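Q: Sharing a structure here in structure tokens format.
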Amino acid sequence: MRAGKEIGNRKTGETLTMLISEERNGGAEQLYLVRLPAWRPSLPLHYHLAFTETFSVVEGVLDLYLGRKRRHITLKEHDSTTVQIGQLHTFANQRDEASIVSSSL
């Protein structure tokens with residue numbers, strides 16, 4: 001996916017816009033802007049083998065779930081957290097308003 005390209009999921013209403021995609025120090029850096037509509041359910045619990053993922057809330061609230069027990073963390077505007085390599089996680093928007101989140105890999 002190229003920087004500036006937007007894709008959407010008609011079923012969930014989610015949109016994903018790639019802001020940055022570049023090679024750095026032998027790896028890749030990617031930054032996405034994700035719009036989650038109100039009451040967007042979580043993805044299946046998953047993890048990444050080769051990179052961390054940082055979630056930063058630009059607007060609204062993000063519900064982040066960590067580990068098999070799905071420990072719930074609520075991120076509000078300007079909050080961010082990083083999910084480590086191999087750490088199970090998923091996220092959702094369980095609110096009446098849309099959320100906008102940046103996700104960097």
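Residue numbering restarts at 1 for every chain of the structure tokens, chains are lettered A, B, ... in their displayed order, and ligands are numbered from 1 as they appear.
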Would you please extract all strand (DSSP E) residues from region 12-97 of chain A, as assigned by DSSP on the backbone, and give them as a VMD selection string?
A: chain A and resid 15 to 24 27 to 36 53 to 59 61 to 66 71 to 76 80 to 83 89 to 92
Q: What are the closest atom pairs, with distances in Å to one decimal, for each residue of region 53-96 of chain A lying within 7 Å of region 35-39 of chain A, using only C-alpha atoms, rows by chain and rising residue number, as JSON lines?
A:
{"residue": "A:Asn93", "atom": "CA", "partner": "A:Trp39", "partner_atom": "CA", "distance": 5.3}
{"residue": "A:Gln94", "atom": "CA", "partner": "A:Trp39", "partner_atom": "CA", "distance": 4.6}
{"residue": "A:Arg95", "atom": "CA", "partner": "A:Ala38", "partner_atom": "CA", "distance": 5.5}
{"residue": "A:Asp96", "atom": "CA", "partner": "A:Ala38", "partner_atom": "CA", "distance": 5.0}
Q: Please produce a file of those selected residues containing C-alpha atoms, as an mmCIF file, in the first residue's frame.
A:
data_model
loop_
_atom_site.group_PDB
_atom_site.id
_atom_site.type_symbol
_atom_site.label_atom_id
_atom_site.label_comp_id
_atom_site.auth_asym_id
_atom_site.auth_seq_id
_atom_site.Cartn_x
_atom_site.Cartn_y
_atom_site.Cartn_z
ATOM 1 C CA ASN A 93 -14.519 1.207 19.610
ATOM 2 C CA GLN A 94 -17.279 0.573 22.130
ATOM 3 C CA ARG A 95 -18.629 4.118 22.109
ATOM 4 C CA ASP A 96 -21.380 6.128 20.438
#
Q: Residues at most 6 Å from region 72-82 of chain A, counting only C-alpha atoms, excluding those fewer than 4 positions away in the same chain, as a list in words?
A: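 What passes the distance filter is Glu53, Thr54, Phe55, Ser56, Val57, Val58, Glu59, Gly60, Val61, Leu62, Asp63, Leu64 and Tyr65 of chain A.
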Q: Here is a test: counting only C-alpha atoms, which residue of A:Val34, A:Gln84, A:His89, A:Ala98 is nearest to Phe51 (chain A)?
A: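 Closest to Phe51 (chain A) of all the choices is A:Gln84.
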Q: Would you mind listing what lies within 7 Å of Tyr32 (chain A) as an MDAnalysis selection string, with only C-alpha atoms counted and same-chain residues fewer than 4 positions away left out?
A: chainID A and resid 16:19 102:104
Q: For His48 (chain A), work out the shell of residues within 8 Å, counting only C-alpha atoms and skipping chain neighbours fewer than 5 positions away, then give it as a PyMOL selection string.
A: chain A and resi 85-87
Q: State, in Å with one decimal place, the distance from CA of Glu22 (chain A) to CA of Leu88 (chain A).
A: 25.7 Å
Q: I'd like to know which of A:Leu66, A:Ile20, A:Ala92, A:Ile100 is closest to Ser42 (chain A), using only C-alpha atoms.
A: A:Ala92
